[in-house]
Amino acid sequence: MAAAAAMPAAAREFGDSLRYRAEIGGTFSAGEHTPFWMVNDQYGFSGLKKNNAWIRGGIFHDLDKEKRFSWGAGVDLGVALNFQRVFIPQQIYAEVKYRCLNAMIGQKEMPSDIIDTDLSSGDLTNSSNARPIPQLRIGIFDYADFWGCKGWFAVKGYIGYGMFTDNAWIKKWARPETEYTLSTLYCTRAIYFRGGDARQFPLTGEFGMRMDSQFGGTYYSAEDADGNRRVEKRPTNLKAWFKGLVPMGGDETTVAGEQLNVQGNFLGNWSFALAWQDPKGWSVKAYYQHFFEDHSQMTFDYAWIDGLWGVHGKLPKNPFLSEAVVEFFYSKDQSGPGYYDHDDKIDHQVSGRDNYYNHYLYNGWCNYGYGIGNPFIISPIYNSDHIFEFYNNRVEAWNIGLKGEPSPQVDWKLRIGVIRSWGSHDYPAVKILNDFSLLAKVNYHPRRLKGWEGSLSIGWDQGSLIGNSFGVGITIAKVGFIKF
């Protein structure tokens, strides 16, 4: 249940109104755990443990993109059984827009910057897999036309700072032999360009870069024989905040690895897309995302082998199929298996073993144990040893997603994921691990019960990567608007 970035068309019937949603649901599973697609791509509002249930309610004032000035806010809270915690403040935020400029403070479920469908497996840097990170973000959130280009060239981008708030969960989940970092600071920044105007010609293109980072925080080592942990505070001064934005080496206040490379954990992706929006009502969009860690693969020093390739199609109105997505994800290269940092004896550096989503100082690219990037790199929440490690980040995977709307009262969604994992460079798999995951979901919006909706979903996992599971999910919700 995401808060919309702008006012839905239906809301305009009620003017400047409040939108609400109340929901009760549960999943009932057999096997290893809750099936893959019932856990992942839910903005972290899900439970890996079998047989979970929740009550959730939210109220929102949505931005109106058509107005010069508009404001938005939202509160979205949940209470759950067999999730990471009982009380879940999923979204609490306020935002404002003036012309093309935006600002948002709080934690809000936000869609990916270029991959704009819920059928996708997810953005490589920041997908819908983990809970939103509280932050202050400013910028141009939606494409704004360049002056004098008559709509043929547009730009969007943003900068944001925030902090991870999963301290209590980490201390509860981590075992004595697990090292971790608390109160980690966060920085995000991105810029994207669009060429073409679908209102004048069907073909448009997009490209851009996003980079996120973790810095600051307090590091806790594994417990010693006496049950004590070594505590090291990372720099959080103004210089550290600047280096959280611009990748730079550390100084004498940081560990040797940060002095040789960059201070903090940096990762990001380049994105490219071409779209054709036909006047007859159909569209197709092809996209590619290339992932990078630190400086490795940010430029063309190494071959761009790893990435996410996808095609997203929308069909004209029909009772059978409305949207389809096919994606291929590959992350086996990681700049190669070798790595060497220059020293006084050999002044030569060799990049490799990028070890996607992992980091030697921080908890890896996860929030509450859920990977913030693409879920095909299996999250640490699955680790029975409770170690913050993405053990399976060298994978090949396919994602197929289909949606349809047979009638105004019924719509459906089908998702299929196939993963083959070679483990990681640090923890290679003895034999190739595999997973097949399926989700079939039907939503019902009865005409006679206005505002009420229900859903029934079936999930299935089969394979050696995350185990075999089968589950059924049921949700009942009430949605509507409150007039001022």
# chains A, B, ... in the order shown; residues from 1 in each chain; ligands from 1
$ residues_around --residues "stretch 115-118 of chain A" --least-positions-apart "6" --cutoff "10 Å" --atoms "only C-alpha atoms" --output "ChimeraX atom specification"
/A:41-42,127-128,271-273,285-289,310-312,323-325,401,403,413
$ write_last_selection --atoms "all heavy atoms" --output "compact mmCIF listing (two decimals), in the first residue's frame"
# COMPACT_ATOMS: atom_id res chain seq x y z
N ASP A 41 9.50 -7.31 -2.50
CA ASP A 41 8.80 -6.27 -3.27
C ASP A 41 7.54 -5.78 -2.59
O ASP A 41 6.56 -5.43 -3.24
CB ASP A 41 8.48 -6.76 -4.69
CG ASP A 41 9.64 -6.56 -5.64
OD1 ASP A 41 10.65 -5.95 -5.22
OD2 ASP A 41 9.57 -7.03 -6.79
N GLN A 42 7.55 -5.75 -1.25
CA GLN A 42 6.41 -5.26 -0.46
C GLN A 42 6.81 -4.04 0.36
O GLN A 42 6.17 -3.74 1.37
CB GLN A 42 5.91 -6.37 0.47
CG GLN A 42 5.60 -7.69 -0.20
CD GLN A 42 4.43 -7.62 -1.14
OE1 GLN A 42 3.47 -6.89 -0.89
NE2 GLN A 42 4.51 -8.34 -2.25
N SER A 127 14.94 -0.37 -4.66
CA SER A 127 13.70 -0.92 -5.20
C SER A 127 12.59 -0.81 -4.16
O SER A 127 12.72 -0.11 -3.16
CB SER A 127 13.93 -2.39 -5.59
OG SER A 127 14.08 -3.19 -4.42
N SER A 128 11.51 -1.55 -4.38
CA SER A 128 10.40 -1.59 -3.42
C SER A 128 10.52 -2.78 -2.49
O SER A 128 9.52 -3.29 -1.98
CB SER A 128 9.07 -1.65 -4.18
OG SER A 128 9.03 -2.78 -5.04
N SER A 271 21.21 4.10 -15.62
CA SER A 271 19.96 3.63 -16.19
C SER A 271 19.75 4.21 -17.58
O SER A 271 20.04 5.39 -17.81
CB SER A 271 18.77 4.02 -15.30
OG SER A 271 18.85 3.40 -14.03
N PHE A 272 19.24 3.38 -18.47
CA PHE A 272 18.94 3.78 -19.84
C PHE A 272 17.59 3.20 -20.24
O PHE A 272 17.28 2.05 -19.89
CB PHE A 272 20.02 3.27 -20.81
CG PHE A 272 21.41 3.66 -20.44
CD1 PHE A 272 22.14 2.87 -19.55
CD2 PHE A 272 22.00 4.80 -20.96
CE1 PHE A 272 23.44 3.22 -19.20
CE2 PHE A 272 23.29 5.15 -20.61
CZ PHE A 272 24.01 4.37 -19.73
N ALA A 273 16.78 3.96 -20.97
CA ALA A 273 15.47 3.46 -21.39
C ALA A 273 15.06 4.12 -22.70
O ALA A 273 15.35 5.28 -22.95
CB ALA A 273 14.43 3.74 -20.32
N LYS A 285 8.45 -0.31 -23.53
CA LYS A 285 9.61 0.37 -22.96
C LYS A 285 10.71 -0.66 -22.72
O LYS A 285 10.47 -1.68 -22.06
CB LYS A 285 9.24 1.05 -21.64
CG LYS A 285 10.36 1.84 -20.98
CD LYS A 285 9.84 2.55 -19.74
CE LYS A 285 10.88 3.44 -19.10
NZ LYS A 285 10.36 4.16 -17.92
N ALA A 286 11.88 -0.42 -23.28
CA ALA A 286 13.05 -1.26 -23.06
C ALA A 286 14.03 -0.51 -22.17
O ALA A 286 14.26 0.69 -22.38
CB ALA A 286 13.70 -1.65 -24.38
N TYR A 287 14.62 -1.19 -21.19
CA TYR A 287 15.51 -0.51 -20.27
C TYR A 287 16.68 -1.41 -19.88
O TYR A 287 16.61 -2.64 -19.97
CB TYR A 287 14.76 -0.04 -19.02
CG TYR A 287 13.90 -1.09 -18.36
CD1 TYR A 287 14.41 -1.94 -17.39
CD2 TYR A 287 12.55 -1.20 -18.70
CE1 TYR A 287 13.62 -2.89 -16.78
CE2 TYR A 287 11.73 -2.15 -18.09
CZ TYR A 287 12.27 -2.99 -17.13
OH TYR A 287 11.48 -3.93 -16.52
N TYR A 288 17.74 -0.74 -19.45
CA TYR A 288 18.93 -1.44 -18.97
C TYR A 288 19.49 -0.66 -17.80
O TYR A 288 19.61 0.57 -17.84
CB TYR A 288 19.99 -1.54 -20.07
CG TYR A 288 21.36 -1.95 -19.57
CD1 TYR A 288 21.59 -3.21 -19.02
CD2 TYR A 288 22.45 -1.07 -19.64
CE1 TYR A 288 22.84 -3.58 -18.56
CE2 TYR A 288 23.71 -1.43 -19.19
CZ TYR A 288 23.90 -2.69 -18.64
OH TYR A 288 25.14 -3.06 -18.18
N GLN A 289 19.83 -1.38 -16.72
CA GLN A 289 20.49 -0.78 -15.57
C GLN A 289 21.82 -1.47 -15.35
O GLN A 289 21.90 -2.69 -15.33
CB GLN A 289 19.64 -0.91 -14.30
CG GLN A 289 18.52 0.09 -14.19
CD GLN A 289 17.97 0.18 -12.77
OE1 GLN A 289 17.99 -0.79 -12.01
NE2 GLN A 289 17.48 1.34 -12.41
N GLY A 310 15.38 -5.23 -19.36
CA GLY A 310 13.95 -5.45 -19.26
C GLY A 310 13.16 -4.84 -20.39
O GLY A 310 13.60 -3.89 -21.04
N VAL A 311 11.97 -5.39 -20.61
CA VAL A 311 10.99 -4.87 -21.56
C VAL A 311 9.64 -4.83 -20.86
O VAL A 311 9.21 -5.83 -20.27
CB VAL A 311 10.90 -5.73 -22.84
CG1 VAL A 311 9.83 -5.16 -23.77
CG2 VAL A 311 12.24 -5.80 -23.55
N HIS A 312 8.99 -3.66 -20.92
CA HIS A 312 7.68 -3.47 -20.29
C HIS A 312 6.69 -3.02 -21.36
O HIS A 312 6.90 -2.01 -22.02
CB HIS A 312 7.80 -2.42 -19.18
CG HIS A 312 6.48 -2.01 -18.59
ND1 HIS A 312 6.25 -0.74 -18.10
CD2 HIS A 312 5.32 -2.69 -18.42
CE1 HIS A 312 5.00 -0.66 -17.66
NE2 HIS A 312 4.43 -1.84 -17.83
N GLU A 323 -0.77 -5.58 -19.13
CA GLU A 323 0.66 -5.26 -19.00
C GLU A 323 1.47 -6.54 -18.97
O GLU A 323 0.99 -7.58 -18.49
CB GLU A 323 0.94 -4.46 -17.73
CG GLU A 323 0.49 -3.03 -17.73
CD GLU A 323 0.97 -2.29 -16.49
OE1 GLU A 323 2.18 -2.32 -16.21
OE2 GLU A 323 0.13 -1.71 -15.79
N ALA A 324 2.71 -6.44 -19.46
CA ALA A 324 3.62 -7.58 -19.40
C ALA A 324 5.04 -7.07 -19.23
O ALA A 324 5.42 -6.04 -19.82
CB ALA A 324 3.51 -8.44 -20.65
N VAL A 325 5.83 -7.77 -18.44
CA VAL A 325 7.24 -7.43 -18.21
C VAL A 325 8.08 -8.71 -18.32
O VAL A 325 7.69 -9.76 -17.78
CB VAL A 325 7.45 -6.80 -16.82
CG1 VAL A 325 8.92 -6.76 -16.44
CG2 VAL A 325 6.88 -5.39 -16.78
N GLY A 401 6.34 -10.94 -15.52
CA GLY A 401 5.17 -10.41 -14.83
C GLY A 401 4.06 -10.10 -15.81
O GLY A 401 4.30 -9.52 -16.88
N LYS A 403 -0.26 -8.76 -16.05
CA LYS A 403 -1.43 -8.19 -15.38
C LYS A 403 -2.60 -8.16 -16.37
O LYS A 403 -2.40 -8.01 -17.57
CB LYS A 403 -1.16 -6.76 -14.90
CG LYS A 403 -0.19 -6.67 -13.76
CD LYS A 403 0.14 -5.22 -13.44
CE LYS A 403 -1.01 -4.50 -12.79
NZ LYS A 403 -0.61 -3.14 -12.32
N LYS A 413 -2.86 -10.62 -11.31
CA LYS A 413 -1.42 -10.44 -11.53
C LYS A 413 -0.74 -11.79 -11.38
O LYS A 413 -1.07 -12.58 -10.50
CB LYS A 413 -0.84 -9.43 -10.53
CG LYS A 413 0.66 -9.25 -10.65
CD LYS A 413 1.14 -8.03 -9.86
CE LYS A 413 0.96 -8.16 -8.39
NZ LYS A 413 1.58 -7.03 -7.64
$ residues_around --residues "A:Asn52" --least-positions-apart "6" --cutoff "8 Å" --atoms "only C-alpha atoms" --output "MDAnalysis selection string"
chainID A and resid 26:28 80:83
$ closest_atom_pairs --of "stretch 349-428 of chain A" --to "stretch 154-171 of chain A" --cutoff "9 Å" --atoms "only C-alpha atoms" --output "JSON lines"
{"residue": "A:Asn367", "atom": "CA", "partner": "A:Asp166", "partner_atom": "CA", "distance": 6.9}
{"residue": "A:Tyr368", "atom": "CA", "partner": "A:Asp166", "partner_atom": "CA", "distance": 5.7}
{"residue": "A:Gly369", "atom": "CA", "partner": "A:Ile170", "partner_atom": "CA", "distance": 8.3}
$ closest_atom_pairs --of "stretch 46-162 of chain A" --to "stretch 176-197 of chain A" --cutoff "10 Å" --atoms "only C-alpha atoms" --output "Markdown table"
| residue | atom | partner | partner_atom | distance |
| --- | --- | --- | --- | --- |
| A:Asp113 | CA | A:Tyr192 | CA | 8.4 |
| A:Ile114 | CA | A:Tyr192 | CA | 8.8 |
| A:Asn126 | CA | A:Thr188 | CA | 9.8 |
| A:Ile133 | CA | A:Tyr186 | CA | 8.2 |
| A:Pro134 | CA | A:Tyr186 | CA | 9.0 |
| A:Gln135 | CA | A:Tyr186 | CA | 8.0 |
| A:Leu136 | CA | A:Cys187 | CA | 9.5 |
| A:Arg137 | CA | A:Thr188 | CA | 8.4 |
| A:Ile138 | CA | A:Arg189 | CA | 9.6 |
| A:Gly139 | CA | A:Arg189 | CA | 9.4 |
| A:Ile140 | CA | A:Ile191 | CA | 9.2 |
| A:Phe141 | CA | A:Ile191 | CA | 9.8 |
| A:Asp142 | CA | A:Tyr192 | CA | 9.9 |
| A:Tyr143 | CA | A:Arg194 | CA | 7.7 |
| A:Ala144 | CA | A:Arg194 | CA | 9.4 |
| A:Asp145 | CA | A:Arg194 | CA | 9.1 |
| A:Cys149 | CA | A:Gly196 | CA | 9.9 |
| A:Lys150 | CA | A:Asp197 | CA | 8.9 |
| A:Gly151 | CA | A:Asp197 | CA | 5.9 |
| A:Trp152 | CA | A:Gly196 | CA | 4.5 |
| A:Phe153 | CA | A:Gly195 | CA | 4.7 |
| A:Ala154 | CA | A:Arg194 | CA | 5.1 |
| A:Val155 | CA | A:Phe193 | CA | 4.5 |
| A:Lys156 | CA | A:Tyr192 | CA | 5.4 |
| A:Gly157 | CA | A:Ile191 | CA | 4.1 |
| A:Tyr158 | CA | A:Arg189 | CA | 5.4 |
| A:Ile159 | CA | A:Arg189 | CA | 4.3 |
| A:Gly160 | CA | A:Thr188 | CA | 5.1 |
| A:Tyr161 | CA | A:Cys187 | CA | 4.5 |
| A:Gly162 | CA | A:Tyr186 | CA | 4.9 |
$ write_last_selection --atoms "N, CA, C and O atoms" --output "short mmCIF file (atom, residue, chain, number, x, y, z; two decimals), in the first residue's frame"
data_model
loop_
_atom_site.label_atom_id
_atom_site.label_comp_id
_atom_site.auth_asym_id
_atom_site.auth_seq_id
_atom_site.Cartn_x
_atom_site.Cartn_y
_atom_site.Cartn_z
N ASP A 113 13.07 5.32 -10.14
CA ASP A 113 13.17 6.51 -10.96
C ASP A 113 12.86 6.27 -12.43
O ASP A 113 12.32 7.13 -13.11
N ILE A 114 13.18 5.10 -12.95
CA ILE A 114 12.95 4.80 -14.37
C ILE A 114 12.10 3.55 -14.56
O ILE A 114 11.26 3.49 -15.45
N ASN A 126 17.79 0.96 -5.46
CA ASN A 126 16.74 1.22 -4.47
C ASN A 126 15.41 0.80 -5.07
O ASN A 126 14.82 1.51 -5.87
N ILE A 133 13.62 4.59 4.04
CA ILE A 133 14.58 5.16 4.98
C ILE A 133 14.17 6.60 5.29
O ILE A 133 13.99 7.40 4.36
N PRO A 134 14.03 7.00 6.56
CA PRO A 134 13.70 8.38 6.89
C PRO A 134 14.76 9.33 6.36
O PRO A 134 15.96 9.09 6.54
N GLN A 135 14.32 10.42 5.73
CA GLN A 135 15.27 11.31 5.08
C GLN A 135 14.64 12.66 4.79
O GLN A 135 13.42 12.83 4.83
N LEU A 136 15.50 13.61 4.47
CA LEU A 136 15.10 14.88 3.89
C LEU A 136 15.60 14.88 2.46
O LEU A 136 16.80 14.76 2.21
N ARG A 137 14.68 14.99 1.50
CA ARG A 137 15.04 14.95 0.08
C ARG A 137 14.52 16.22 -0.60
O ARG A 137 13.36 16.60 -0.41
N ILE A 138 15.37 16.84 -1.40
CA ILE A 138 14.98 18.03 -2.15
C ILE A 138 15.42 17.86 -3.60
O ILE A 138 16.38 17.15 -3.90
N GLY A 139 14.71 18.51 -4.52
CA GLY A 139 15.10 18.43 -5.92
C GLY A 139 13.92 18.60 -6.85
O GLY A 139 12.88 19.18 -6.49
N ILE A 140 14.06 18.07 -8.04
CA ILE A 140 13.01 18.04 -9.05
C ILE A 140 12.60 16.58 -9.19
O ILE A 140 13.29 15.79 -9.82
N PHE A 141 11.49 16.20 -8.57
CA PHE A 141 11.12 14.79 -8.49
C PHE A 141 10.49 14.27 -9.78
O PHE A 141 10.53 13.07 -10.05
N ASP A 142 9.88 15.14 -10.56
CA ASP A 142 9.26 14.76 -11.83
C ASP A 142 9.90 15.58 -12.95
O ASP A 142 10.31 16.72 -12.74
N TYR A 143 9.96 15.01 -14.12
CA TYR A 143 10.65 15.68 -15.23
C TYR A 143 10.12 17.09 -15.44
O TYR A 143 8.91 17.32 -15.51
N ALA A 144 11.06 18.03 -15.54
CA ALA A 144 10.74 19.43 -15.83
C ALA A 144 11.41 19.82 -17.14
O ALA A 144 12.59 19.51 -17.37
N ASP A 145 10.69 20.49 -18.00
CA ASP A 145 11.21 20.88 -19.31
C ASP A 145 12.31 21.93 -19.18
O ASP A 145 12.22 22.84 -18.35
N CYS A 149 13.23 24.54 -24.98
CA CYS A 149 13.29 23.27 -25.72
C CYS A 149 11.91 22.78 -26.18
O CYS A 149 11.82 21.73 -26.82
N LYS A 150 10.86 23.51 -25.80
CA LYS A 150 9.50 23.21 -26.25
C LYS A 150 9.08 21.78 -25.93
O LYS A 150 8.41 21.11 -26.71
N GLY A 151 9.51 21.28 -24.77
CA GLY A 151 9.11 19.97 -24.31
C GLY A 151 9.95 18.82 -24.81
O GLY A 151 9.71 17.67 -24.42
N TRP A 152 10.96 19.08 -25.63
CA TRP A 152 11.75 18.01 -26.22
C TRP A 152 12.90 17.56 -25.34
O TRP A 152 13.54 16.55 -25.62
N PHE A 153 13.20 18.27 -24.24
CA PHE A 153 14.30 17.89 -23.36
C PHE A 153 13.92 18.25 -21.94
O PHE A 153 13.45 19.36 -21.67
N ALA A 154 14.07 17.28 -21.02
CA ALA A 154 13.65 17.48 -19.64
C ALA A 154 14.66 16.84 -18.69
O ALA A 154 15.46 15.98 -19.08
N VAL A 155 14.62 17.26 -17.43
CA VAL A 155 15.56 16.79 -16.42
C VAL A 155 14.83 16.60 -15.09
O VAL A 155 13.84 17.28 -14.80
N LYS A 156 15.32 15.66 -14.29
CA LYS A 156 14.88 15.53 -12.91
C LYS A 156 16.05 15.04 -12.08
O LYS A 156 17.01 14.45 -12.61
N GLY A 157 16.01 15.26 -10.78
CA GLY A 157 17.09 14.83 -9.91
C GLY A 157 16.83 15.27 -8.49
O GLY A 157 15.90 16.04 -8.20
N TYR A 158 17.65 14.79 -7.57
CA TYR A 158 17.43 15.10 -6.16
C TYR A 158 18.68 14.78 -5.36
O TYR A 158 19.59 14.08 -5.81
N ILE A 159 18.71 15.32 -4.15
CA ILE A 159 19.71 15.01 -3.13
C ILE A 159 18.97 14.79 -1.82
O ILE A 159 18.04 15.53 -1.48
N GLY A 160 19.37 13.76 -1.08
CA GLY A 160 18.72 13.48 0.18
C GLY A 160 19.68 12.95 1.23
O GLY A 160 20.66 12.27 0.90
N TYR A 161 19.42 13.28 2.48
CA TYR A 161 20.17 12.75 3.62
C TYR A 161 19.18 12.15 4.61
O TYR A 161 18.09 12.68 4.82
N GLY A 162 19.59 11.05 5.23
CA GLY A 162 18.73 10.41 6.21
C GLY A 162 19.51 9.52 7.14
O GLY A 162 20.75 9.58 7.22
#
$ select_by_dssp --residues "stretch 236-403 of chain A" --states "helix (DSSP H, G or I)" --output "list in words"
Leu238, Lys239, Ala240, Trp241, Phe242, Lys243, Gly244, Leu245, Ala256, Gly257, Glu258, Gln259, Leu260, Pro380, Ile381 and Tyr382 of chain A
$ closest_residue --among "A:Leu119, A:Ile59, A:Leu414, A:Leu124" --to "A:Ile92" --atoms "only C-alpha atoms"
A:Ile59
$ closest_residue --among "A:Asp333, A:Phe328, A:Ser407, A:Gly58" --to "A:Arg447" --atoms "only C-alpha atoms"
A:Ser407
$ select_by_dssp --residues "stretch 360-391 of chain A" --states "strand (DSSP E)" --output "list in words"
Cys366, Asn367, Tyr370 and Gly371 of chain A
$ write_last_selection --atoms "C-alpha atoms" --output "PDB file, in the first residue's frame"
ATOM      1  CA  CYS A 366      19.795  -3.721   3.664  1.00  0.00           C
ATOM      2  CA  ASN A 367      17.209  -2.223   5.997  1.00  0.00           C
ATOM      3  CA  TYR A 370      15.730  -6.758   3.606  1.00  0.00           C
ATOM      4  CA  GLY A 371      17.927  -5.912   0.626  1.00  0.00           C
TER       5      GLY A 371
END
$ residues_around --residues "A:Pro132" --least-positions-apart "4" --cutoff "7 Å" --atoms "only C-alpha atoms" --output "PyMOL selection string"
chain A and resi 43+107-109
$ write_last_selection --atoms "all heavy atoms" --output "mmCIF file, in the first residue's frame"
data_model
loop_
_atom_site.group_PDB
_atom_site.id
_atom_site.type_symbol
_atom_site.label_atom_id
_atom_site.label_comp_id
_atom_site.auth_asym_id
_atom_site.auth_seq_id
_atom_site.Cartn_x
_atom_site.Cartn_y
_atom_site.Cartn_z
ATOM 1 N N TYR A 43 7.854 -3.341 -0.024
ATOM 2 C CA TYR A 43 8.400 -2.215 0.755
ATOM 3 C C TYR A 43 8.704 -2.630 2.194
ATOM 4 O O TYR A 43 8.574 -1.834 3.129
ATOM 5 C CB TYR A 43 7.432 -1.029 0.740
ATOM 6 C CG TYR A 43 7.420 -0.261 -0.557
ATOM 7 C CD1 TYR A 43 6.398 -0.438 -1.482
ATOM 8 C CD2 TYR A 43 8.450 0.640 -0.865
ATOM 9 C CE1 TYR A 43 6.384 0.271 -2.675
ATOM 10 C CE2 TYR A 43 8.442 1.346 -2.055
ATOM 11 C CZ TYR A 43 7.411 1.155 -2.958
ATOM 12 O OH TYR A 43 7.399 1.860 -4.138
ATOM 13 N N GLN A 107 9.627 9.304 6.011
ATOM 14 C CA GLN A 107 9.828 8.042 5.315
ATOM 15 C C GLN A 107 8.589 7.762 4.481
ATOM 16 O O GLN A 107 7.463 7.712 4.989
ATOM 17 C CB GLN A 107 10.136 6.910 6.279
ATOM 18 C CG GLN A 107 9.101 6.650 7.366
ATOM 19 C CD GLN A 107 9.589 5.610 8.348
ATOM 20 O OE1 GLN A 107 10.491 5.873 9.135
ATOM 21 N NE2 GLN A 107 8.977 4.438 8.323
ATOM 22 N N LYS A 108 8.811 7.592 3.181
ATOM 23 C CA LYS A 108 7.714 7.450 2.232
ATOM 24 C C LYS A 108 8.058 6.376 1.209
ATOM 25 O O LYS A 108 9.197 6.308 0.735
ATOM 26 C CB LYS A 108 7.446 8.773 1.510
ATOM 27 C CG LYS A 108 6.317 8.710 0.504
ATOM 28 C CD LYS A 108 6.186 10.009 -0.270
ATOM 29 C CE LYS A 108 5.082 9.914 -1.308
ATOM 30 N NZ LYS A 108 4.998 11.136 -2.144
ATOM 31 N N GLU A 109 7.092 5.538 0.873
ATOM 32 C CA GLU A 109 7.279 4.567 -0.191
ATOM 33 C C GLU A 109 7.277 5.311 -1.527
ATOM 34 O O GLU A 109 6.287 5.923 -1.901
ATOM 35 C CB GLU A 109 6.149 3.529 -0.166
ATOM 36 C CG GLU A 109 6.140 2.694 1.099
ATOM 37 C CD GLU A 109 4.960 1.736 1.145
ATOM 38 O OE1 GLU A 109 4.111 1.809 0.230
ATOM 39 O OE2 GLU A 109 4.882 0.926 2.084
#
$ residues_around --residues "A:Ser283" --least-positions-apart "4" --cutoff "6 Å" --atoms "only C-alpha atoms" --output "ChimeraX atom specification"
/A:276-278,313-314
$ residues_around --residues "stretch 421-424 of chain A" --least-positions-apart "2" --cutoff "9 Å" --atoms "only C-alpha atoms" --output "number ranges by chain"
A: 332, 353, 355-356, 377, 390-397, 419, 426-435, 465
$ closest_residue --among "A:Glu223, A:Ala130, A:Glu95, A:Gln214" --to "A:Pro380" --atoms "only C-alpha atoms"
A:Ala130
$ decode --residues "stretch 274-305 of chain A" --atoms "C-alpha atoms" --output "PDB file, in the first residue's frame"
ATOM      1  CA  LEU A 274      13.712   3.827 -24.737  1.00  0.00           C
ATOM      2  CA  ALA A 275       9.903   4.013 -24.885  1.00  0.00           C
ATOM      3  CA  TRP A 276       7.348   4.075 -27.678  1.00  0.00           C
ATOM      4  CA  GLN A 277       3.880   5.340 -26.716  1.00  0.00           C
ATOM      5  CA  ASP A 278       1.614   4.682 -29.643  1.00  0.00           C
ATOM      6  CA  PRO A 279      -1.467   6.920 -30.096  1.00  0.00           C
ATOM      7  CA  LYS A 280      -3.565   3.758 -30.520  1.00  0.00           C
ATOM      8  CA  GLY A 281      -3.195   3.017 -26.802  1.00  0.00           C
ATOM      9  CA  TRP A 282      -0.282   0.602 -26.548  1.00  0.00           C
ATOM     10  CA  SER A 283       3.288   1.243 -25.415  1.00  0.00           C
ATOM     11  CA  VAL A 284       6.575  -0.598 -25.022  1.00  0.00           C
ATOM     12  CA  LYS A 285       9.610   0.369 -22.961  1.00  0.00           C
ATOM     13  CA  ALA A 286      13.046  -1.265 -23.057  1.00  0.00           C
ATOM     14  CA  TYR A 287      15.513  -0.506 -20.270  1.00  0.00           C
ATOM     15  CA  TYR A 288      18.933  -1.437 -18.972  1.00  0.00           C
ATOM     16  CA  GLN A 289      20.487  -0.778 -15.566  1.00  0.00           C
ATOM     17  CA  HIS A 290      24.200  -1.159 -14.895  1.00  0.00           C
ATOM     18  CA  PHE A 291      25.235  -1.553 -11.247  1.00  0.00           C
ATOM     19  CA  PHE A 292      28.475  -0.347  -9.662  1.00  0.00           C
ATOM     20  CA  GLU A 293      30.149  -0.512  -6.232  1.00  0.00           C
ATOM     21  CA  ASP A 294      32.454   2.341  -5.160  1.00  0.00           C
ATOM     22  CA  HIS A 295      34.469   3.371  -8.228  1.00  0.00           C
ATOM     23  CA  SER A 296      34.412  -0.102  -9.770  1.00  0.00           C
ATOM     24  CA  GLN A 297      32.423  -0.208 -13.019  1.00  0.00           C
ATOM     25  CA  MET A 298      31.252   3.380 -12.593  1.00  0.00           C
ATOM     26  CA  THR A 299      33.112   4.142 -15.823  1.00  0.00           C
ATOM     27  CA  PHE A 300      34.239   2.032 -18.775  1.00  0.00           C
ATOM     28  CA  ASP A 301      37.521   0.828 -17.208  1.00  0.00           C
ATOM     29  CA  TYR A 302      35.876  -2.592 -16.989  1.00  0.00           C
ATOM     30  CA  ALA A 303      33.333  -4.262 -19.260  1.00  0.00           C
ATOM     31  CA  TRP A 304      29.716  -3.571 -18.413  1.00  0.00           C
ATOM     32  CA  ILE A 305      28.569  -7.178 -18.154  1.00  0.00           C
TER      33      ILE A 305
END
